[in-house]
Amino acid sequence: MYESYFGLTENPFALSPDPRYMYLSPQHSETLNCLLYGIHGKKGFMAVTGGIGTGKTTLCRFLLSELDNSVKTALIFNTSLSDVELLKTVNQEFGVRIGSGRGTKKRYIDALNDFLLRNFSDGKNAVLIIDEAQNLSHGAMEQIRMLSNLETASEKLLQIVLLGQPELLDTLAAPSLRQLNERITVRCALKKLGRADVRRYIEHRISKTSGNADEIFSAAGYHAVYRASGGIPRRINAICDRALLVAYGKDTKRVGRRTVREAIADLGTGYLTDLRGKRALFFAEITVAALLWAIMILLVGYGYFLGGFRWPGF
C-alpha cells in the first residue's frame with residue numbers, strides 16, 4: 001500500500017523468511033561461515049539456537065541459496081513427527097522412493113543409505129536441515145542420531161543441521177540424548193541485534209527495494225524501533241512495516257519517534273507491555289535502591305540518637 005509513496009519497489013519488511021533480505025550482522029555472518037565449514041568439511045552434526053524471531057529460518061533459507069549443485073539438500077520445518085514419519089519426510093525431501101509396499105523403518109533407512117552412497121560416489125555431499133528442532137520428540141531425536149551412522153570408512157554421508165529455540169539445548173542435555181549431544185561438532189547461538197545493527201538492518205532491507213532509509217527514518221525513529229523491538233529482527237519488521245503505514249496515512253514521509261510509538265500502539269498490547277515491563281523493572285530497581293539507602297540513613301541516625309553510632313570494628 002505504502003511502497004510507491006516512499007519510492008519502494010516492494011514491501012521491505014514482510015515477515016516471510018526471504019533470503020534476498022538476509023542481513024548478515026557479524027554474528028549471523030559468523031554462524032553462516034561455521035555452517036558452510038561444517039557442511040563442506042563433512043563434520044556431521046551442527047546446531048544453531050536462538051530466540052523467537054532472531055532470524056534462524058531466514059538464515060536457513062540463505063544458507064540453502066549459498067550451496068551449489070554439489071550439495072543435495074533436504075529441509076524439514078514440520079517437526080511434529082514420529083521417528084517413522086521423520087524418515088519418510090527425509091526421503092521425500094531428497095526425492096528418494098522406496099517403491100510399492102508398506103513403508104517400514106528399515107525400508108526407509110535402506111533406501112536413504114543407497115541414495116547417499118550413490119550421491120557420494122558422484123562426488124556430492126548431502127545436508128539435512130531441520131528447523132524448529134526443539135519440538136522433535138525423543139524418538140525422532142534418537143532416529144536422527146542413527147542417521148548419523150550412515151557413513152563410509154572415512155566420511156559422513158549426511159550432514160545434519162538442527163535449528164531451534166534455546167530449549168533445544170535443554171533437550172540435547174538430557175542424559176538419554178548424550179550420544180547425540182556429543183556428536184555435535186559445530187554450535188552457534190543467534191542473539192538480539194545491537195543498536196547499531198538495528199539501524200543497519202533497516203537500511204539494508206530498504207536498500208533492497210531501491211529506497212534510502214535515512215530519507216525515511218530519523219535518528220530518533222531508529223532509536224525508537226531499537227528500544228521497542230529489543231533488537232529482534234521479526235519485531236523490527238512488524239514495527240517498521242506499521243510505522244511506514246502510519247506515516248503514509250498521515251501523509252508524511254518522515255518516520256520519527258512519535259510515528260513509531262503510534263505504530264507500536266496499533267500493533268497491540270504485546271509490544272506496549274514489553275516496553276512498560278522494561279520501564280517498570282527499571283523504576284522498581286531504583287525504588288529498592290532508594291529504600292535501602294533510606295533504611296541505612298535511618299539506622300545511622302538512630303544510632304547517633306542513642307548515644308553515638310560506631311561502625312563495627314571501630
# chains A, B, ... in the order shown; residues from 1 in each chain; ligands from 1
call {"tool": "residues_around", "arguments": {"residues": "Leu117 of chain A", "least_positions_apart": "5", "cutoff": "12 Å", "atoms": "only C-alpha atoms", "output": "list in words"}}
result
Asp110, Ala111, Leu112, Asp122, Gly123, Lys124, Asn125, Ala126, Leu150, Glu151, Thr152, Ala153, Glu155, Lys156, Leu157 and Leu158 of chain A
call {"tool": "write_last_selection", "arguments": {"atoms": "N, CA and C atoms", "output": "tab-separated table (two decimals), in the first residue's frame"}}
result
chain	number	residue	atom	x	y	z
A	110	ASP	N	17.24	-48.10	4.45
A	110	ASP	CA	17.99	-48.76	3.37
A	110	ASP	C	17.95	-47.92	2.09
A	111	ALA	N	16.77	-47.39	1.77
A	111	ALA	CA	16.64	-46.57	0.57
A	111	ALA	C	17.47	-45.28	0.69
A	112	LEU	N	17.44	-44.68	1.87
A	112	LEU	CA	18.21	-43.46	2.09
A	112	LEU	C	19.71	-43.74	2.02
A	122	ASP	N	29.20	-40.04	-6.70
A	122	ASP	CA	29.16	-38.99	-7.72
A	122	ASP	C	29.95	-37.76	-7.30
A	123	GLY	N	30.60	-37.84	-6.14
A	123	GLY	CA	31.40	-36.72	-5.65
A	123	GLY	C	30.58	-35.61	-5.02
A	124	LYS	N	29.37	-35.94	-4.56
A	124	LYS	CA	28.50	-34.93	-3.99
A	124	LYS	C	28.30	-35.13	-2.49
A	125	ASN	N	27.81	-34.08	-1.88
A	125	ASN	CA	27.55	-34.07	-0.44
A	125	ASN	C	26.03	-34.02	-0.23
A	126	ALA	N	25.58	-34.25	1.00
A	126	ALA	CA	24.16	-34.19	1.32
A	126	ALA	C	23.99	-33.57	2.70
A	150	LEU	N	25.14	-43.29	9.06
A	150	LEU	CA	25.28	-43.56	7.62
A	150	LEU	C	26.56	-42.88	7.15
A	151	GLU	N	27.59	-43.67	6.98
A	151	GLU	CA	28.90	-43.12	6.65
A	151	GLU	C	29.75	-44.17	5.95
A	152	THR	N	30.83	-43.68	5.36
A	152	THR	CA	31.83	-44.58	4.80
A	152	THR	C	32.89	-44.80	5.87
A	153	ALA	N	33.95	-45.45	5.50
A	153	ALA	CA	35.02	-45.69	6.48
A	153	ALA	C	35.71	-44.40	6.90
A	155	GLU	N	34.26	-40.89	5.87
A	155	GLU	CA	33.48	-39.66	5.79
A	155	GLU	C	32.00	-39.88	6.13
A	156	LYS	N	31.39	-38.82	6.63
A	156	LYS	CA	29.95	-38.83	6.88
A	156	LYS	C	29.22	-38.65	5.55
A	157	LEU	N	28.21	-39.48	5.32
A	157	LEU	CA	27.43	-39.37	4.10
A	157	LEU	C	26.37	-38.29	4.20
A	158	LEU	N	25.99	-37.94	5.43
A	158	LEU	CA	24.90	-36.98	5.65
A	158	LEU	C	25.29	-35.97	6.72
call {"tool": "select_by_dssp", "arguments": {"residues": "segment 51-142 of chain A", "states": "alpha helix (DSSP H)", "output": "PyMOL selection string"}}
result
chain A and resi 56-66+83-94+105-121+138-142
call {"tool": "residues_around", "arguments": {"residues": "segment 94-98 of chain A", "least_positions_apart": "3", "cutoff": "9 Å", "atoms": "only C-alpha atoms", "output": "PDB file with N, CA, C and O atoms, in the first residue's frame"}}
result
ATOM      1  N   LYS A  72      23.338 -31.944  -2.167  1.00  0.00           N
ATOM      2  CA  LYS A  72      21.918 -32.257  -2.152  1.00  0.00           C
ATOM      3  C   LYS A  72      21.347 -31.823  -0.808  1.00  0.00           C
ATOM      4  O   LYS A  72      21.947 -32.081   0.239  1.00  0.00           O
ATOM      5  N   THR A  73      20.193 -31.174  -0.835  1.00  0.00           N
ATOM      6  CA  THR A  73      19.638 -30.632   0.405  1.00  0.00           C
ATOM      7  C   THR A  73      18.229 -31.139   0.676  1.00  0.00           C
ATOM      8  O   THR A  73      17.463 -31.438  -0.243  1.00  0.00           O
ATOM      9  N   ALA A  74      17.910 -31.228   1.952  1.00  0.00           N
ATOM     10  CA  ALA A  74      16.562 -31.565   2.396  1.00  0.00           C
ATOM     11  C   ALA A  74      16.237 -30.658   3.577  1.00  0.00           C
ATOM     12  O   ALA A  74      17.047 -30.520   4.497  1.00  0.00           O
ATOM     13  N   LEU A  75      15.064 -30.026   3.532  1.00  0.00           N
ATOM     14  CA  LEU A  75      14.650 -29.100   4.594  1.00  0.00           C
ATOM     15  C   LEU A  75      13.356 -29.599   5.219  1.00  0.00           C
ATOM     16  O   LEU A  75      12.370 -29.857   4.529  1.00  0.00           O
ATOM     17  N   THR A  89       9.667 -38.380   5.630  1.00  0.00           N
ATOM     18  CA  THR A  89       9.800 -36.998   5.178  1.00  0.00           C
ATOM     19  C   THR A  89      11.199 -36.721   4.639  1.00  0.00           C
ATOM     20  O   THR A  89      11.360 -36.031   3.627  1.00  0.00           O
ATOM     21  N   VAL A  90      12.222 -37.244   5.308  1.00  0.00           N
ATOM     22  CA  VAL A  90      13.599 -37.069   4.834  1.00  0.00           C
ATOM     23  C   VAL A  90      13.759 -37.653   3.433  1.00  0.00           C
ATOM     24  O   VAL A  90      14.329 -37.033   2.534  1.00  0.00           O
ATOM     25  N   ASN A  91      13.244 -38.866   3.218  1.00  0.00           N
ATOM     26  CA  ASN A  91      13.326 -39.497   1.900  1.00  0.00           C
ATOM     27  C   ASN A  91      12.581 -38.687   0.850  1.00  0.00           C
ATOM     28  O   ASN A  91      13.066 -38.517  -0.275  1.00  0.00           O
ATOM     29  N   GLY A 101       4.489 -51.122  -1.513  1.00  0.00           N
ATOM     30  CA  GLY A 101       4.543 -51.891  -0.273  1.00  0.00           C
ATOM     31  C   GLY A 101       4.540 -50.989   0.939  1.00  0.00           C
ATOM     32  O   GLY A 101       4.636 -49.761   0.848  1.00  0.00           O
ATOM     33  N   GLY A 103       5.656 -48.941   4.064  1.00  0.00           N
ATOM     34  CA  GLY A 103       6.874 -48.223   4.424  1.00  0.00           C
ATOM     35  C   GLY A 103       7.295 -48.531   5.848  1.00  0.00           C
ATOM     36  O   GLY A 103       6.652 -48.104   6.809  1.00  0.00           O
ATOM     37  N   ARG A 107      13.050 -50.158   5.546  1.00  0.00           N
ATOM     38  CA  ARG A 107      12.991 -49.840   4.119  1.00  0.00           C
ATOM     39  C   ARG A 107      13.386 -48.388   3.870  1.00  0.00           C
ATOM     40  O   ARG A 107      14.088 -48.086   2.907  1.00  0.00           O
ATOM     41  N   TYR A 108      12.918 -47.492   4.726  1.00  0.00           N
ATOM     42  CA  TYR A 108      13.270 -46.075   4.566  1.00  0.00           C
ATOM     43  C   TYR A 108      14.771 -45.857   4.748  1.00  0.00           C
ATOM     44  O   TYR A 108      15.417 -45.134   3.982  1.00  0.00           O
ATOM     45  N   ASP A 110      17.243 -48.101   4.453  1.00  0.00           N
ATOM     46  CA  ASP A 110      17.989 -48.759   3.370  1.00  0.00           C
ATOM     47  C   ASP A 110      17.949 -47.918   2.089  1.00  0.00           C
ATOM     48  O   ASP A 110      18.973 -47.759   1.412  1.00  0.00           O
ATOM     49  N   ALA A 111      16.767 -47.386   1.773  1.00  0.00           N
ATOM     50  CA  ALA A 111      16.639 -46.566   0.567  1.00  0.00           C
ATOM     51  C   ALA A 111      17.467 -45.285   0.689  1.00  0.00           C
ATOM     52  O   ALA A 111      18.135 -44.868  -0.266  1.00  0.00           O
ATOM     53  N   LEU A 112      17.442 -44.678   1.869  1.00  0.00           N
ATOM     54  CA  LEU A 112      18.215 -43.456   2.092  1.00  0.00           C
ATOM     55  C   LEU A 112      19.705 -43.742   2.019  1.00  0.00           C
ATOM     56  O   LEU A 112      20.471 -42.966   1.412  1.00  0.00           O
ATOM     57  N   PHE A 115      20.775 -44.122  -1.571  1.00  0.00           N
ATOM     58  CA  PHE A 115      20.846 -42.796  -2.212  1.00  0.00           C
ATOM     59  C   PHE A 115      22.119 -42.057  -1.814  1.00  0.00           C
ATOM     60  O   PHE A 115      22.813 -41.474  -2.663  1.00  0.00           O
ATOM     61  N   ALA A 126      25.578 -34.254   0.998  1.00  0.00           N
ATOM     62  CA  ALA A 126      24.156 -34.189   1.324  1.00  0.00           C
ATOM     63  C   ALA A 126      23.987 -33.566   2.700  1.00  0.00           C
ATOM     64  O   ALA A 126      24.728 -33.881   3.628  1.00  0.00           O
ATOM     65  N   LEU A 128      20.942 -32.366   5.626  1.00  0.00           N
ATOM     66  CA  LEU A 128      19.574 -32.358   6.130  1.00  0.00           C
ATOM     67  C   LEU A 128      19.463 -31.223   7.140  1.00  0.00           C
ATOM     68  O   LEU A 128      20.200 -31.180   8.123  1.00  0.00           O
TER      69      LEU A 128
END
call {"tool": "atom_distance", "arguments": {"atom1": "atom CA of Val127 of chain A", "atom2": "atom CA of Asp68 of chain A"}}
result
11.9 Å
call {"tool": "residues_around", "arguments": {"residues": "Ile160 of chain A", "least_positions_apart": "4", "cutoff": "8 Å", "atoms": "only C-alpha atoms", "output": "number ranges by chain"}}
result
A: 44-46, 127-130, 148
call {"tool": "residues_around", "arguments": {"residues": "segment 24-28 of chain A", "least_positions_apart": "4", "cutoff": "12 Å", "atoms": "only C-alpha atoms", "output": "MDAnalysis selection string"}}
result
chainID A and resid 19:20 32:35 48:50 54:60 62:63 188:202 204:205 231 233
call {"tool": "closest_residue", "arguments": {"among": "A:Val84, A:Leu177, A:Val186, A:Leu136", "to": "Lys42 of chain A", "atoms": "only C-alpha atoms"}}
result
A:Val186
call {"tool": "atom_distance", "arguments": {"atom1": "atom CA of Arg235 of chain A", "atom2": "atom CA of Asn11 of chain A"}}
result
15.3 Å
call {"tool": "atom_distance", "arguments": {"atom1": "atom CA of Val161 of chain A", "atom2": "atom CA of Asp83 of chain A"}}
result
17.1 Å
call {"tool": "residues_around", "arguments": {"residues": "Thr79 of chain A", "least_positions_apart": "3", "cutoff": "8 Å", "atoms": "only C-alpha atoms", "output": "PDB file with N, CA and C atoms, in the first residue's frame"}}
result
ATOM      1  N   ILE A  76      13.367 -29.720   6.538  1.00  0.00           N
ATOM      2  CA  ILE A  76      12.175 -30.129   7.278  1.00  0.00           C
ATOM      3  C   ILE A  76      11.811 -29.012   8.252  1.00  0.00           C
ATOM      4  N   LEU A  86       9.396 -39.089  10.347  1.00  0.00           N
ATOM      5  CA  LEU A  86      10.593 -38.312  10.063  1.00  0.00           C
ATOM      6  C   LEU A  86      11.393 -38.948   8.933  1.00  0.00           C
ATOM      7  N   ILE A 130      16.938 -29.258   9.754  1.00  0.00           N
ATOM      8  CA  ILE A 130      15.690 -29.408  10.494  1.00  0.00           C
ATOM      9  C   ILE A 130      15.430 -28.133  11.298  1.00  0.00           C
ATOM     10  N   ASP A 131      14.407 -27.396  10.891  1.00  0.00           N
ATOM     11  CA  ASP A 131      14.033 -26.162  11.595  1.00  0.00           C
ATOM     12  C   ASP A 131      13.065 -26.495  12.724  1.00  0.00           C
ATOM     13  N   GLU A 132      13.006 -25.614  13.734  1.00  0.00           N
ATOM     14  CA  GLU A 132      12.152 -25.837  14.910  1.00  0.00           C
ATOM     15  C   GLU A 132      12.451 -27.194  15.560  1.00  0.00           C
ATOM     16  N   ALA A 133      13.723 -27.506  15.633  1.00  0.00           N
ATOM     17  CA  ALA A 133      14.145 -28.819  16.140  1.00  0.00           C
ATOM     18  C   ALA A 133      13.829 -29.023  17.616  1.00  0.00           C
ATOM     19  N   ASN A 135      11.093 -28.965  18.895  1.00  0.00           N
ATOM     20  CA  ASN A 135       9.804 -29.657  19.001  1.00  0.00           C
ATOM     21  C   ASN A 135       9.888 -31.146  18.663  1.00  0.00           C
ATOM     22  N   LEU A 136      11.049 -31.616  18.294  1.00  0.00           N
ATOM     23  CA  LEU A 136      11.187 -33.027  17.949  1.00  0.00           C
ATOM     24  C   LEU A 136      10.970 -33.919  19.172  1.00  0.00           C
TER      25      LEU A 136
END
call {"tool": "decode", "arguments": {"residues": "segment 249-269 of chain A", "atoms": "N, CA, C and O atoms", "output": "PDB file, in the first residue's frame"}}
result
ATOM      1  N   GLY A 249      -0.490   7.090   6.115  1.00  0.00           N
ATOM      2  CA  GLY A 249      -1.830   7.556   6.453  1.00  0.00           C
ATOM      3  C   GLY A 249      -1.859   9.009   6.870  1.00  0.00           C
ATOM      4  O   GLY A 249      -2.867   9.696   6.677  1.00  0.00           O
ATOM      5  N   LYS A 250      -0.765   9.511   7.437  1.00  0.00           N
ATOM      6  CA  LYS A 250      -0.677  10.907   7.870  1.00  0.00           C
ATOM      7  C   LYS A 250      -0.058  11.813   6.805  1.00  0.00           C
ATOM      8  O   LYS A 250       0.183  12.993   7.057  1.00  0.00           O
ATOM      9  N   ASP A 251       0.238  11.211   5.648  1.00  0.00           N
ATOM     10  CA  ASP A 251       0.811  11.954   4.521  1.00  0.00           C
ATOM     11  C   ASP A 251       2.132  12.636   4.898  1.00  0.00           C
ATOM     12  O   ASP A 251       2.380  13.790   4.580  1.00  0.00           O
ATOM     13  N   THR A 252       2.975  11.875   5.605  1.00  0.00           N
ATOM     14  CA  THR A 252       4.313  12.362   5.924  1.00  0.00           C
ATOM     15  C   THR A 252       5.336  11.314   5.507  1.00  0.00           C
ATOM     16  O   THR A 252       5.080  10.114   5.645  1.00  0.00           O
ATOM     17  N   LYS A 253       6.453  11.754   4.981  1.00  0.00           N
ATOM     18  CA  LYS A 253       7.474  10.818   4.509  1.00  0.00           C
ATOM     19  C   LYS A 253       8.633  10.683   5.487  1.00  0.00           C
ATOM     20  O   LYS A 253       9.704  10.187   5.136  1.00  0.00           O
ATOM     21  N   ARG A 254       8.402  11.100   6.713  1.00  0.00           N
ATOM     22  CA  ARG A 254       9.441  11.003   7.736  1.00  0.00           C
ATOM     23  C   ARG A 254       8.913  10.210   8.918  1.00  0.00           C
ATOM     24  O   ARG A 254       7.848  10.512   9.469  1.00  0.00           O
ATOM     25  N   VAL A 255       9.653   9.172   9.300  1.00  0.00           N
ATOM     26  CA  VAL A 255       9.271   8.341  10.432  1.00  0.00           C
ATOM     27  C   VAL A 255      10.147   8.703  11.625  1.00  0.00           C
ATOM     28  O   VAL A 255      11.349   8.439  11.623  1.00  0.00           O
ATOM     29  N   GLY A 256       9.529   9.318  12.621  1.00  0.00           N
ATOM     30  CA  GLY A 256      10.247   9.695  13.832  1.00  0.00           C
ATOM     31  C   GLY A 256       9.757   8.915  15.039  1.00  0.00           C
ATOM     32  O   GLY A 256       9.035   7.921  14.916  1.00  0.00           O
ATOM     33  N   ARG A 257      10.123   9.404  16.218  1.00  0.00           N
ATOM     34  CA  ARG A 257       9.772   8.700  17.453  1.00  0.00           C
ATOM     35  C   ARG A 257       8.260   8.596  17.628  1.00  0.00           C
ATOM     36  O   ARG A 257       7.736   7.531  17.982  1.00  0.00           O
ATOM     37  N   ARG A 258       7.555   9.689  17.369  1.00  0.00           N
ATOM     38  CA  ARG A 258       6.107   9.664  17.571  1.00  0.00           C
ATOM     39  C   ARG A 258       5.423   8.684  16.634  1.00  0.00           C
ATOM     40  O   ARG A 258       4.509   7.969  17.035  1.00  0.00           O
ATOM     41  N   THR A 259       5.882   8.625  15.397  1.00  0.00           N
ATOM     42  CA  THR A 259       5.296   7.687  14.428  1.00  0.00           C
ATOM     43  C   THR A 259       5.511   6.248  14.872  1.00  0.00           C
ATOM     44  O   THR A 259       4.611   5.410  14.766  1.00  0.00           O
ATOM     45  N   VAL A 260       6.701   5.962  15.374  1.00  0.00           N
ATOM     46  CA  VAL A 260       6.997   4.605  15.850  1.00  0.00           C
ATOM     47  C   VAL A 260       6.110   4.263  17.040  1.00  0.00           C
ATOM     48  O   VAL A 260       5.593   3.146  17.147  1.00  0.00           O
ATOM     49  N   ARG A 261       5.912   5.212  17.942  1.00  0.00           N
ATOM     50  CA  ARG A 261       5.052   4.957  19.097  1.00  0.00           C
ATOM     51  C   ARG A 261       3.617   4.676  18.666  1.00  0.00           C
ATOM     52  O   ARG A 261       2.949   3.804  19.224  1.00  0.00           O
ATOM     53  N   GLU A 262       3.137   5.422  17.684  1.00  0.00           N
ATOM     54  CA  GLU A 262       1.785   5.169  17.175  1.00  0.00           C
ATOM     55  C   GLU A 262       1.709   3.778  16.540  1.00  0.00           C
ATOM     56  O   GLU A 262       0.701   3.071  16.675  1.00  0.00           O
ATOM     57  N   ALA A 263       2.775   3.396  15.850  1.00  0.00           N
ATOM     58  CA  ALA A 263       2.817   2.066  15.223  1.00  0.00           C
ATOM     59  C   ALA A 263       2.758   0.978  16.279  1.00  0.00           C
ATOM     60  O   ALA A 263       2.048  -0.022  16.129  1.00  0.00           O
ATOM     61  N   ILE A 264       3.492   1.165  17.377  1.00  0.00           N
ATOM     62  CA  ILE A 264       3.504   0.175  18.456  1.00  0.00           C
ATOM     63  C   ILE A 264       2.123   0.066  19.091  1.00  0.00           C
ATOM     64  O   ILE A 264       1.643  -1.029  19.392  1.00  0.00           O
ATOM     65  N   ALA A 265       1.464   1.217  19.270  1.00  0.00           N
ATOM     66  CA  ALA A 265       0.119   1.206  19.832  1.00  0.00           C
ATOM     67  C   ALA A 265      -0.838   0.448  18.918  1.00  0.00           C
ATOM     68  O   ALA A 265      -1.717  -0.289  19.385  1.00  0.00           O
ATOM     69  N   ASP A 266      -0.677   0.602  17.613  1.00  0.00           N
ATOM     70  CA  ASP A 266      -1.526  -0.102  16.648  1.00  0.00           C
ATOM     71  C   ASP A 266      -1.297  -1.607  16.684  1.00  0.00           C
ATOM     72  O   ASP A 266      -2.213  -2.398  16.462  1.00  0.00           O
ATOM     73  N   LEU A 267      -0.052  -2.005  16.951  1.00  0.00           N
ATOM     74  CA  LEU A 267       0.289  -3.424  16.930  1.00  0.00           C
ATOM     75  C   LEU A 267      -0.333  -4.188  18.086  1.00  0.00           C
ATOM     76  O   LEU A 267      -0.480  -5.408  18.026  1.00  0.00           O
ATOM     77  N   GLY A 268      -0.667  -3.479  19.172  1.00  0.00           N
ATOM     78  CA  GLY A 268      -1.342  -4.155  20.270  1.00  0.00           C
ATOM     79  C   GLY A 268      -0.563  -4.123  21.567  1.00  0.00           C
ATOM     80  O   GLY A 268       0.575  -3.648  21.634  1.00  0.00           O
ATOM     81  N   THR A 269      -1.176  -4.698  22.580  1.00  0.00           N
ATOM     82  CA  THR A 269      -0.631  -4.606  23.936  1.00  0.00           C
ATOM     83  C   THR A 269       0.653  -5.399  24.130  1.00  0.00           C
ATOM     84  O   THR A 269       1.404  -5.135  25.045  1.00  0.00           O
TER      85      THR A 269
END
